[in-house]
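Below: one structure, written as structure tokens.
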Amino acid sequence: MLSVQGLQKSFGDFMAVADANLEVAAGQVVAVIGPNGAGKTTLFKLITGQLKPDAGRILFKGRDIAGLKPHRVCQRGISLSYQVVNLFGRMSVLQNVQVAVLARRRQVLRLFTPAARLAMDECWEILDSVGLTEKAHRISGTLSHGDSKVLEMAIALGNRPELLIMDEPTAGMSPEETRAAMTLIKRLTGELGLTILFCEHDMELVFGLAESIMVLQQGRTIAQGTCEEVRCDEQVQLAYLGGPGDA
Amino acid sequence: MQDQGMNSRGLILAGVVLAGLAFLPAFAERYYIYLAALILVTGLLASSLNMVLGFGGMYQFHHAVFFGAGAYAAALLTVRGGANPWWGYLLGPVVAAALSLVMGLICVRLSKLYFGMLQISLGSLVWAIVFRWYSFTGGDDGLHGVPVPPLIGSVRGAFYFTLIVTAVCLGLMYLIVNSPFGRVFQSIRDNPERAEAVGVDVVRHQLIGLVIAGFFGGVAGTLFVTVEGTVFPDLMFWTLSLEILIMCLLGGWFTFLGPMLGAAIIVSLRTVVGIYTEYWTLVLGVILMLLIFFLPEGVLGFFTARLGRRRAAGEDG
Amino acid sequence: MEIASNVNLASLGQQVLVGLSRTTILFIVSSGLSLILGVLRIPNVSHGSLYMIGAFFTYSVASFIGGQTGFWLALILAPLAVGLLSLAVERGIFCHLYDREHLMLLLFTFSLMLVLGDLVKLTYGSNYRSLAAPLMLQGSFSLSGLPFPRYNLFLLVAGPLVALGLWLLTNKTKIGKIARAAAVDREMVAAMGINVSWVFAFVFCIGCLLAGLGGALVAPTQNITQGMDHAIIMETFLIIIIGGLGNIWGALLGAAIFGLTDAIGILVWPQFAIVFPYVAVVIVLLFRPKGLLKSTW
């Protein structure tokens with residue numbers, strides 16, 4: 001479904017992404033791992049169009065999307081859930097999701113229809129599925145960190161993406177919240193058949209969820225394969241997991 | 001579900017006030033009818049600014065230029081073109097909207113302060129041209145005795161016309177704020193980067209928002225001609241722009257009726273204070289300073305926030 | 001034919017000199033504005049009021065003392081008084097507002113402008129004042145047959161002096177270096193144990209002093225009147241925008257563009273002379289929307 005080939009991006013002299021390669025098949029859950037500063041967030045921003053790559057190709061469903069504007073990428077079916085909480089802070093939880101749904105349905109330019117009745121079923125459905133129904137009318141800026149991250153995901157779901165990209169979905173969550181989020185992600189892949197690409201520091205989560213793992217180091221892909229393959233890969237053990245046999 | 005910027009109680013209140021205003025000419029003196037019309041015009045102008053400022057998060061520093069453009073377009077059409085003054089009510093808003101589109105195309109790629117600064121310099125350019133083009137715009141003297149359709153030529157007629165047009169425009173703006181367009185506009189205000197990531201064409205959306213705001217600003221301009229029968233360059237001077245910004249701030253810019261309230265407070269204060277002293281701007285300045293220190297969300301914003309807190313407390317408890 | 005073109009060249013030269021002396025005033029005022037915007041991030045709309053107050057103070061001091069000394073003393077005392085006034089305002093009000101949004105700061109300084117404007121009206125009334133230049137700077141000298149006021153020549157000398165002083169202040173003194181560092185990263189400077197608050201007060205005071213100095217220098221060249229504040233503030237804002245926010249040399253460049261287009265406009269098409277600088281601003285911003293020189297933002 002998604003194929004990243006030889007992607008490059010530098011900021012001044014600093015090569016944030018030097019040679020990233022990634023394959024994501026439809027329906028798969030793929031994790032990107034790598035130490036801090038390996039270029040994971042940059043890679044995601046390149047895929048979603050927030051940054052323009054210097055070189056390389058990003059094929060989504062067979063078409064090159066490299067360099068497209070973020071809203072175009074989103075309209076093709078890729079949605080990003082952010083690492084740092086990035087919500088519409090003065091709007092209610094329900095409205096946060098509604099914006100994404102409206103954007104997907106291409107209804108954003110309707111000037112005189114009341115929004116309060118548009119797309120409500122779908123918004124409630126999404127809030128139900130992530131468990132935010134009771135907080136639907138809270139102003140999103142007042143949510144707890146855990147709830148904010150869940151809302152992050154809910155907004156991304158509002159786009160009904162074919163590929164959902166999650167940048168550290170559990171960053172800053174408490175252990176209980178992390179477990180809940182993990183169950184949620186598992187359910188989403190099962191129920192909605194979503195293809196998911198995510199990165200995460202929590203190795204338990206990575207090995208618990210991912211079917212395929214890509215390892216990024218200093219902007220280069222050093223391996224991609226199943227959990228077993230990556231665990232056994234010598235290069236990976238050297239570079240990332242802290243020596244052979246450790247994992 | 002609750003609408004944005006105003007609850008149903010606010011809507012009823014607004015209706016009651018408007019209906020009450022309709023009976024004003026029955027008992028009020030001419031001067032107060034004129035004053036009420038002026039408040040409506042200024043309020044409409046401030047509300048149109050707030051469309052982009054409060055609901056779109058765009059620093060439109062020089063909104064008065066669209067007010068002036070609408071007023072001048074309407075006045076010039078009758079004075080120089082000799083056309084039926086009714087056409088002015090169509091031409092004024094259209095010219096203002098077109099100007100807004102052109103200025104928007106130039107400014108929209110910049111954000112926040114830079115947007116505002118470029119906007120204010122473009123607006124000042126328009127002002128400078130109007131200010132100097134004696135043969136066409138009348139220069140710094142402006143144009144006086146602009147013909148107004150006889151039907152609405154009297155103080156009372158102008159008042160009713162202003163009241164009706166303002167009510168219709170406010171209704172339309174209310175619909176827009178609560179439409180999908182408005183909701184997405186607010187999401188851009190809160191977080192343009194995220195809005196883009198969920199598939200919104202932010203630049204296009206902002207441009208449309210600017211054109212809408214310019215259009216209603218132009219409507220206010222034509223109403224000003226109706227009420228005053230005159231146009232002059234101060235209508236598009238930047239100080240007026242900052243004054244209507246203050247009205248939005250005073251009333252509360254995250255509320256729908258706030259700018260109207262702000263305009264009412266400032267215009268009536270100016271009249272009342274003006275009776276006692278010529279130092280009106282001193283009073284305005286002090287009020288504004290106190291406001292920024294103590295009520296940064298404006299009067300209506302303050303009360304809705306308190307109401308919201310009480311409601312939230314009730315829910316939790 | 002040849003004579004005509006000679007005259008044209010001479011009058012062009014004359015207008016350029018007039019434009020450059022206007023540039024001096026604009027530069028002095030807008031460099032202060034730029035300094036404040038660059039370091040404190042305050043779009044100070046009341047800057048024009050301080051300029052006006054500087055001019056009125058100059059008038060008061062000069063006419064109180066009288067004679068040549070009066071003017072020269074006023075040239076020093078008036079800016080100092082404006083600086084002290086601004087210091088009081090900064091310590092009293094602004095230092096509580098630094099974390100507010102730009103829009104709020106802009107509106108706040110606008111309200112300050114309204115208050116200061118009316119205070120000037122209260123003190124001086126609505127009549128305009130005029131002040132004669134000191135004797136040695138009165139009159140004109142001939143420039144290819146066209147008169148050029150001596151006072152403008154004085155301005156042409158004063159401008160570079162102020163620029164040099166500002167350069168020394170920001171590049172060679174400790175507080176200038178701290179201020180420049182604080183413009184880039186104020187947390188960092190605060191972490192070094194420096195009292196950023198007082199650095200800000202100092203910068204604000206210097207910036208406003210420059211506004212006062214601009215007002216003092218302009219006093220003998222025009223009527224000192226209400227409304228001077230409105231006229232200059234928009235020009236100086238545009239100047240620092242086309243120059244690059246917070247960049248003092250940008251302010252110089254912007255002032256030159258503004259002063260020269262204005263002067264040449266008067267020569268080419270007097271009726272629309274006022275439009276020329278605005279057109280120049282728009283053209284610059286179309287191609288360099290963030291200004292010609294690097295902004296400190």
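By convention in this document, the chains of the structure tokens carry letters A, B, ... by their order, each chain's residues are numbered from 1, and ligands are numbered from 1 in the order they are shown.
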List every residue of segment 125-292 of chain B that DSSP, applied to the backbone of this structure, places in strand (DSSP E), and write the result as number ranges by chain. B: 143-144, 230-231
For C-alpha atoms, I'd like the residues from the last selection saved as a PDB file, in the first residue's frame.
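Contents of selection.pdb, freshly written:
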ATOM      1  CA  LEU B 143     -18.181  63.669  -0.937  1.00  0.00           C
ATOM      2  CA  HIS B 144     -21.128  65.343   0.707  1.00  0.00           C
ATOM      3  CA  THR B 230     -21.526  61.513   3.155  1.00  0.00           C
ATOM      4  CA  VAL B 231     -18.186  59.759   2.681  1.00  0.00           C
TER       5      VAL B 231
END
Please report as JSON lines every residue of chain B lying within 7 Å of chain C, along with the nearest atom pair and their distance in Å (one decimal), using only C-alpha atoms.
{"residue": "B:Ser121", "atom": "CA", "partner": "C:Leu238", "partner_atom": "CA", "distance": 6.6}
{"residue": "B:Leu122", "atom": "CA", "partner": "C:Val282", "partner_atom": "CA", "distance": 6.6}
{"residue": "B:Leu125", "atom": "CA", "partner": "C:Tyr278", "partner_atom": "CA", "distance": 5.3}
{"residue": "B:Ala128", "atom": "CA", "partner": "C:Val275", "partner_atom": "CA", "distance": 5.6}
{"residue": "B:Ile129", "atom": "CA", "partner": "C:Val275", "partner_atom": "CA", "distance": 6.2}
{"residue": "B:Arg132", "atom": "CA", "partner": "C:Phe272", "partner_atom": "CA", "distance": 6.1}
{"residue": "B:Tyr279", "atom": "CA", "partner": "C:Asp118", "partner_atom": "CA", "distance": 6.1}
{"residue": "B:Thr281", "atom": "CA", "partner": "C:Leu114", "partner_atom": "CA", "distance": 5.5}
{"residue": "B:Leu282", "atom": "CA", "partner": "C:Val115", "partner_atom": "CA", "distance": 4.4}
{"residue": "B:Gly285", "atom": "CA", "partner": "C:Ser111", "partner_atom": "CA", "distance": 4.2}
{"residue": "B:Val286", "atom": "CA", "partner": "C:Val115", "partner_atom": "CA", "distance": 6.9}
{"residue": "B:Leu288", "atom": "CA", "partner": "C:Ser111", "partner_atom": "CA", "distance": 6.1}
{"residue": "B:Met289", "atom": "CA", "partner": "C:Phe108", "partner_atom": "CA", "distance": 6.1}
{"residue": "B:Ile292", "atom": "CA", "partner": "C:Phe108", "partner_atom": "CA", "distance": 6.9}
Within 8 Å of Ile53 of chain C using only C-alpha atoms, minus same-chain residues under 2 positions, as an NGL selection string: :C and (49-51 or 55-57 or 82 or 120 or 212 or 215)
What are the residues of chain B lining chain A at 10 Å or less? Count only C-alpha atoms, and put the answer as an MDAnalysis selection string. chainID B and resid 1:4 172:202 204:205 208 254 312
Would you save the residues from that selection as a tab-separated table (two decimals), in the first residue's frame, using C-alpha atoms?
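Full text of out.tsv as output:
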chain	number	residue	atom	x	y	z
B	1	MET	CA	-26.15	20.73	20.49
B	2	GLN	CA	-24.84	24.13	21.46
B	3	ASP	CA	-24.03	26.53	18.69
B	4	GLN	CA	-20.75	28.31	18.42
B	172	LEU	CA	-26.43	35.29	7.57
B	173	MET	CA	-23.20	35.63	9.49
B	174	TYR	CA	-24.64	33.55	12.29
B	175	LEU	CA	-25.51	30.84	9.82
B	176	ILE	CA	-22.02	30.98	8.34
B	177	VAL	CA	-20.30	30.81	11.71
B	178	ASN	CA	-22.32	27.73	12.57
B	179	SER	CA	-22.05	26.12	9.16
B	180	PRO	CA	-19.47	23.52	8.25
B	181	PHE	CA	-17.49	26.36	6.74
B	182	GLY	CA	-17.54	28.27	10.00
B	183	ARG	CA	-16.67	25.24	12.07
B	184	VAL	CA	-13.68	24.46	9.90
B	185	PHE	CA	-12.71	28.15	9.97
B	186	GLN	CA	-12.60	27.95	13.75
B	187	SER	CA	-10.47	24.84	13.59
B	188	ILE	CA	-8.02	26.81	11.45
B	189	ARG	CA	-8.04	29.55	14.06
B	190	ASP	CA	-7.20	27.05	16.77
B	191	ASN	CA	-4.62	25.08	14.84
B	192	PRO	CA	-3.94	25.72	11.15
B	193	GLU	CA	-1.31	23.00	10.91
B	194	ARG	CA	-3.67	20.35	12.19
B	195	ALA	CA	-6.52	21.61	10.04
B	196	GLU	CA	-4.34	21.13	7.01
B	197	ALA	CA	-3.42	17.64	8.17
B	198	VAL	CA	-7.05	16.58	8.36
B	199	GLY	CA	-7.56	17.58	4.76
B	200	VAL	CA	-8.60	21.22	4.85
B	201	ASP	CA	-7.29	23.56	2.16
B	202	VAL	CA	-6.37	26.24	4.68
B	204	ARG	CA	-8.57	28.63	0.20
B	205	HIS	CA	-10.67	28.60	3.35
B	208	ILE	CA	-13.16	32.75	1.34
B	254	PHE	CA	-15.00	34.50	20.72
B	312	ALA	CA	-19.33	22.38	34.00
Excluding Leu151 of chain A and any residue of its chain fewer than 2 positions from it, enumerate the residues within 8 Å of it, using only C-alpha atoms, and give them as number ranges by chain. A: 93, 97, 132, 147-149, 153-155
Output for the residues just chosen: N, CA and C atoms as a PDB file, in the first residue's frame:
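Ended up saving to result30.pdb:
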ATOM      1  N   VAL A  93     -14.868  18.482  22.066  1.00  0.00           N
ATOM      2  CA  VAL A  93     -14.343  17.193  21.605  1.00  0.00           C
ATOM      3  C   VAL A  93     -15.083  16.735  20.348  1.00  0.00           C
ATOM      4  N   VAL A  97     -13.673  16.216  16.242  1.00  0.00           N
ATOM      5  CA  VAL A  97     -13.823  15.073  15.341  1.00  0.00           C
ATOM      6  C   VAL A  97     -14.610  15.481  14.101  1.00  0.00           C
ATOM      7  N   LEU A 132     -14.836   8.252  24.170  1.00  0.00           N
ATOM      8  CA  LEU A 132     -14.869   9.651  24.628  1.00  0.00           C
ATOM      9  C   LEU A 132     -16.293  10.213  24.664  1.00  0.00           C
ATOM     10  N   ASP A 147      -6.598  11.654  27.646  1.00  0.00           N
ATOM     11  CA  ASP A 147      -7.780  11.868  26.798  1.00  0.00           C
ATOM     12  C   ASP A 147      -7.417  12.634  25.534  1.00  0.00           C
ATOM     13  N   SER A 148      -6.509  13.592  25.673  1.00  0.00           N
ATOM     14  CA  SER A 148      -6.097  14.371  24.496  1.00  0.00           C
ATOM     15  C   SER A 148      -5.488  13.457  23.442  1.00  0.00           C
ATOM     16  N   LYS A 149      -4.648  12.533  23.900  1.00  0.00           N
ATOM     17  CA  LYS A 149      -4.016  11.623  22.944  1.00  0.00           C
ATOM     18  C   LYS A 149      -5.066  10.744  22.273  1.00  0.00           C
ATOM     19  N   MET A 153      -6.227  10.525  18.172  1.00  0.00           N
ATOM     20  CA  MET A 153      -6.520   9.359  17.346  1.00  0.00           C
ATOM     21  C   MET A 153      -7.913   9.477  16.740  1.00  0.00           C
ATOM     22  N   ALA A 154      -8.854   9.945  17.550  1.00  0.00           N
ATOM     23  CA  ALA A 154     -10.233  10.042  17.070  1.00  0.00           C
ATOM     24  C   ALA A 154     -10.320  11.002  15.889  1.00  0.00           C
ATOM     25  N   ILE A 155      -9.575  12.119  15.960  1.00  0.00           N
ATOM     26  CA  ILE A 155      -9.577  13.066  14.842  1.00  0.00           C
ATOM     27  C   ILE A 155      -9.044  12.389  13.591  1.00  0.00           C
TER      28      ILE A 155
END
Using only C-alpha atoms: which of C:Pro149, C:Gly38, C:Gly193, C:Gly246 has the shortest distance to Leu137 of chain C: C:Pro149
Atom CA of Leu91 of chain B sits from atom CA of Gly15 of chain B at a separation of 28.9 Å
Which residues are near segment 233-238 of chain B? Cut-off 7 Å, only C-alpha atoms, ignore same chain within fewer than 3 positions. Put them as a ChimeraX atom specification. /B:62,64-65,67-68,127,130-131,140,142,241-242
Hey, what's within 10 Å of Thr133 of chain A if we count only C-alpha atoms and toss same-chain stuff fewer than 3 positions away? As a list of chain:residue names, please? A:Val93, A:Leu94, A:Cys123, A:Trp124, A:Glu125, A:Ile126, A:Leu127, A:Asp128, A:Ser129, A:Val130, A:Ala136, A:His137
Computed interatomic separation between atom CA of Met247 of chain B and atom CA of Leu295 of chain B (Å): 13.0 Å
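Counting only C-alpha atoms and comparing C:Met52, C:Ala211, C:Leu26, C:Leu12, the residue that lies closest to Leu156 of chain C is C:Leu26.
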So that I can check the surroundings of Gly146 of chain A, please list as a list in words every protein, DNA and RNA residue that reaches within 12 Å of it, counting only C-alpha atoms and ignoring chain neighbours fewer than 6 positions away.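 Here the answer would be Val84, Val85, Val130, Gly131, Leu132, Ser140, Glu152, Met153, Pro169, Thr170, Ala171, Gly172, Met173, Ser174, Pro175, Glu176, Glu177, Thr178, Arg179, Ala180 and Ala181 of chain A.
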Measure the distance from atom CA of Phe200 of chain C to atom CA of Ile232 of chain C in Å and round it to one decimal. 23.9 Å
Check the DSSP output for the backbone and give back, as a PyMOL selection string, the residues of segment 123-175 of chain A in helix (DSSP H, G or I). chain A and resi 123-130+133-135+140-142+145-158+175
Selected residues written out, N, CA and C atoms, as a PDB file, in the first residue's frame:
ATOM      1  N   CYS A 123     -19.706  11.051  13.860  1.00  0.00           N
ATOM      2  CA  CYS A 123     -18.874  11.579  14.937  1.00  0.00           C
ATOM      3  C   CYS A 123     -19.125  10.823  16.242  1.00  0.00           C
ATOM      4  N   TRP A 124     -20.399  10.591  16.539  1.00  0.00           N
ATOM      5  CA  TRP A 124     -20.713   9.870  17.775  1.00  0.00           C
ATOM      6  C   TRP A 124     -20.156   8.463  17.729  1.00  0.00           C
ATOM      7  N   GLU A 125     -20.248   7.854  16.535  1.00  0.00           N
ATOM      8  CA  GLU A 125     -19.725   6.502  16.375  1.00  0.00           C
ATOM      9  C   GLU A 125     -18.228   6.461  16.706  1.00  0.00           C
ATOM     10  N   ILE A 126     -17.513   7.447  16.170  1.00  0.00           N
ATOM     11  CA  ILE A 126     -16.070   7.481  16.414  1.00  0.00           C
ATOM     12  C   ILE A 126     -15.784   7.697  17.897  1.00  0.00           C
ATOM     13  N   LEU A 127     -16.504   8.632  18.502  1.00  0.00           N
ATOM     14  CA  LEU A 127     -16.283   8.897  19.920  1.00  0.00           C
ATOM     15  C   LEU A 127     -16.605   7.652  20.740  1.00  0.00           C
ATOM     16  N   ASP A 128     -17.677   6.932  20.341  1.00  0.00           N
ATOM     17  CA  ASP A 128     -18.025   5.681  21.009  1.00  0.00           C
ATOM     18  C   ASP A 128     -16.875   4.698  20.931  1.00  0.00           C
ATOM     19  N   SER A 129     -16.329   4.584  19.715  1.00  0.00           N
ATOM     20  CA  SER A 129     -15.327   3.543  19.508  1.00  0.00           C
ATOM     21  C   SER A 129     -14.037   3.827  20.274  1.00  0.00           C
ATOM     22  N   VAL A 130     -13.778   5.100  20.566  1.00  0.00           N
ATOM     23  CA  VAL A 130     -12.567   5.388  21.342  1.00  0.00           C
ATOM     24  C   VAL A 130     -12.882   5.665  22.811  1.00  0.00           C
ATOM     25  N   THR A 133     -17.277   9.344  24.507  1.00  0.00           N
ATOM     26  CA  THR A 133     -18.664   9.816  24.396  1.00  0.00           C
ATOM     27  C   THR A 133     -19.056  10.752  25.531  1.00  0.00           C
ATOM     28  N   GLU A 134     -18.654  10.385  26.745  1.00  0.00           N
ATOM     29  CA  GLU A 134     -19.116  11.177  27.893  1.00  0.00           C
ATOM     30  C   GLU A 134     -18.493  12.557  27.932  1.00  0.00           C
ATOM     31  N   LYS A 135     -17.354  12.690  27.263  1.00  0.00           N
ATOM     32  CA  LYS A 135     -16.681  13.989  27.299  1.00  0.00           C
ATOM     33  C   LYS A 135     -16.910  14.773  26.016  1.00  0.00           C
ATOM     34  N   SER A 140     -11.874  20.900  24.182  1.00  0.00           N
ATOM     35  CA  SER A 140     -10.759  19.963  24.087  1.00  0.00           C
ATOM     36  C   SER A 140      -9.510  20.465  24.805  1.00  0.00           C
ATOM     37  N   GLY A 141      -9.373  21.776  24.924  1.00  0.00           N
ATOM     38  CA  GLY A 141      -8.211  22.319  25.612  1.00  0.00           C
ATOM     39  C   GLY A 141      -8.175  21.976  27.090  1.00  0.00           C
ATOM     40  N   THR A 142      -9.299  21.510  27.640  1.00  0.00           N
ATOM     41  CA  THR A 142      -9.337  21.229  29.077  1.00  0.00           C
ATOM     42  C   THR A 142      -9.199  19.736  29.381  1.00  0.00           C
ATOM     43  N   HIS A 145      -4.146  14.748  29.653  1.00  0.00           N
ATOM     44  CA  HIS A 145      -3.209  14.376  28.595  1.00  0.00           C
ATOM     45  C   HIS A 145      -3.619  13.079  27.903  1.00  0.00           C
ATOM     46  N   GLY A 146      -4.006  12.084  28.706  1.00  0.00           N
ATOM     47  CA  GLY A 146      -4.395  10.789  28.126  1.00  0.00           C
ATOM     48  C   GLY A 146      -5.570  10.941  27.186  1.00  0.00           C
ATOM     49  N   ASP A 147      -6.598  11.654  27.646  1.00  0.00           N
ATOM     50  CA  ASP A 147      -7.780  11.868  26.798  1.00  0.00           C
ATOM     51  C   ASP A 147      -7.417  12.634  25.534  1.00  0.00           C
ATOM     52  N   SER A 148      -6.509  13.592  25.673  1.00  0.00           N
ATOM     53  CA  SER A 148      -6.097  14.371  24.496  1.00  0.00           C
ATOM     54  C   SER A 148      -5.488  13.457  23.442  1.00  0.00           C
ATOM     55  N   LYS A 149      -4.648  12.533  23.900  1.00  0.00           N
ATOM     56  CA  LYS A 149      -4.016  11.623  22.944  1.00  0.00           C
ATOM     57  C   LYS A 149      -5.066  10.744  22.273  1.00  0.00           C
ATOM     58  N   VAL A 150      -6.051  10.314  23.030  1.00  0.00           N
ATOM     59  CA  VAL A 150      -7.116   9.501  22.442  1.00  0.00           C
ATOM     60  C   VAL A 150      -7.888  10.327  21.420  1.00  0.00           C
ATOM     61  N   LEU A 151      -8.135  11.603  21.773  1.00  0.00           N
ATOM     62  CA  LEU A 151      -8.838  12.479  20.838  1.00  0.00           C
ATOM     63  C   LEU A 151      -8.004  12.684  19.576  1.00  0.00           C
ATOM     64  N   GLU A 152      -6.686  12.790  19.762  1.00  0.00           N
ATOM     65  CA  GLU A 152      -5.777  12.835  18.608  1.00  0.00           C
ATOM     66  C   GLU A 152      -6.134  11.723  17.628  1.00  0.00           C
ATOM     67  N   MET A 153      -6.227  10.525  18.172  1.00  0.00           N
ATOM     68  CA  MET A 153      -6.520   9.359  17.346  1.00  0.00           C
ATOM     69  C   MET A 153      -7.913   9.477  16.740  1.00  0.00           C
ATOM     70  N   ALA A 154      -8.854   9.945  17.550  1.00  0.00           N
ATOM     71  CA  ALA A 154     -10.233  10.042  17.070  1.00  0.00           C
ATOM     72  C   ALA A 154     -10.320  11.002  15.889  1.00  0.00           C
ATOM     73  N   ILE A 155      -9.575  12.119  15.960  1.00  0.00           N
ATOM     74  CA  ILE A 155      -9.577  13.066  14.842  1.00  0.00           C
ATOM     75  C   ILE A 155      -9.044  12.389  13.591  1.00  0.00           C
ATOM     76  N   ALA A 156      -7.945  11.658  13.777  1.00  0.00           N
ATOM     77  CA  ALA A 156      -7.368  10.958  12.629  1.00  0.00           C
ATOM     78  C   ALA A 156      -8.368   9.958  12.055  1.00  0.00           C
ATOM     79  N   LEU A 157      -9.130   9.313  12.937  1.00  0.00           N
ATOM     80  CA  LEU A 157     -10.123   8.345  12.460  1.00  0.00           C
ATOM     81  C   LEU A 157     -11.248   9.044  11.699  1.00  0.00           C
ATOM     82  N   GLY A 158     -11.529  10.289  12.086  1.00  0.00           N
ATOM     83  CA  GLY A 158     -12.580  11.045  11.418  1.00  0.00           C
ATOM     84  C   GLY A 158     -12.317  11.192   9.935  1.00  0.00           C
ATOM     85  N   PRO A 175       0.836   4.124  32.792  1.00  0.00           N
ATOM     86  CA  PRO A 175       0.792   2.703  32.393  1.00  0.00           C
ATOM     87  C   PRO A 175      -0.627   2.213  32.090  1.00  0.00           C
TER      88      PRO A 175
END
Given only C-alpha atoms as the basis, pick out the residue of B:Ala37, B:Ile287, B:Val211, B:Ile120 nearest to Thr162 of chain B.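 Among the listed residues, the smallest separation from Thr162 of chain B belongs to B:Ala37.
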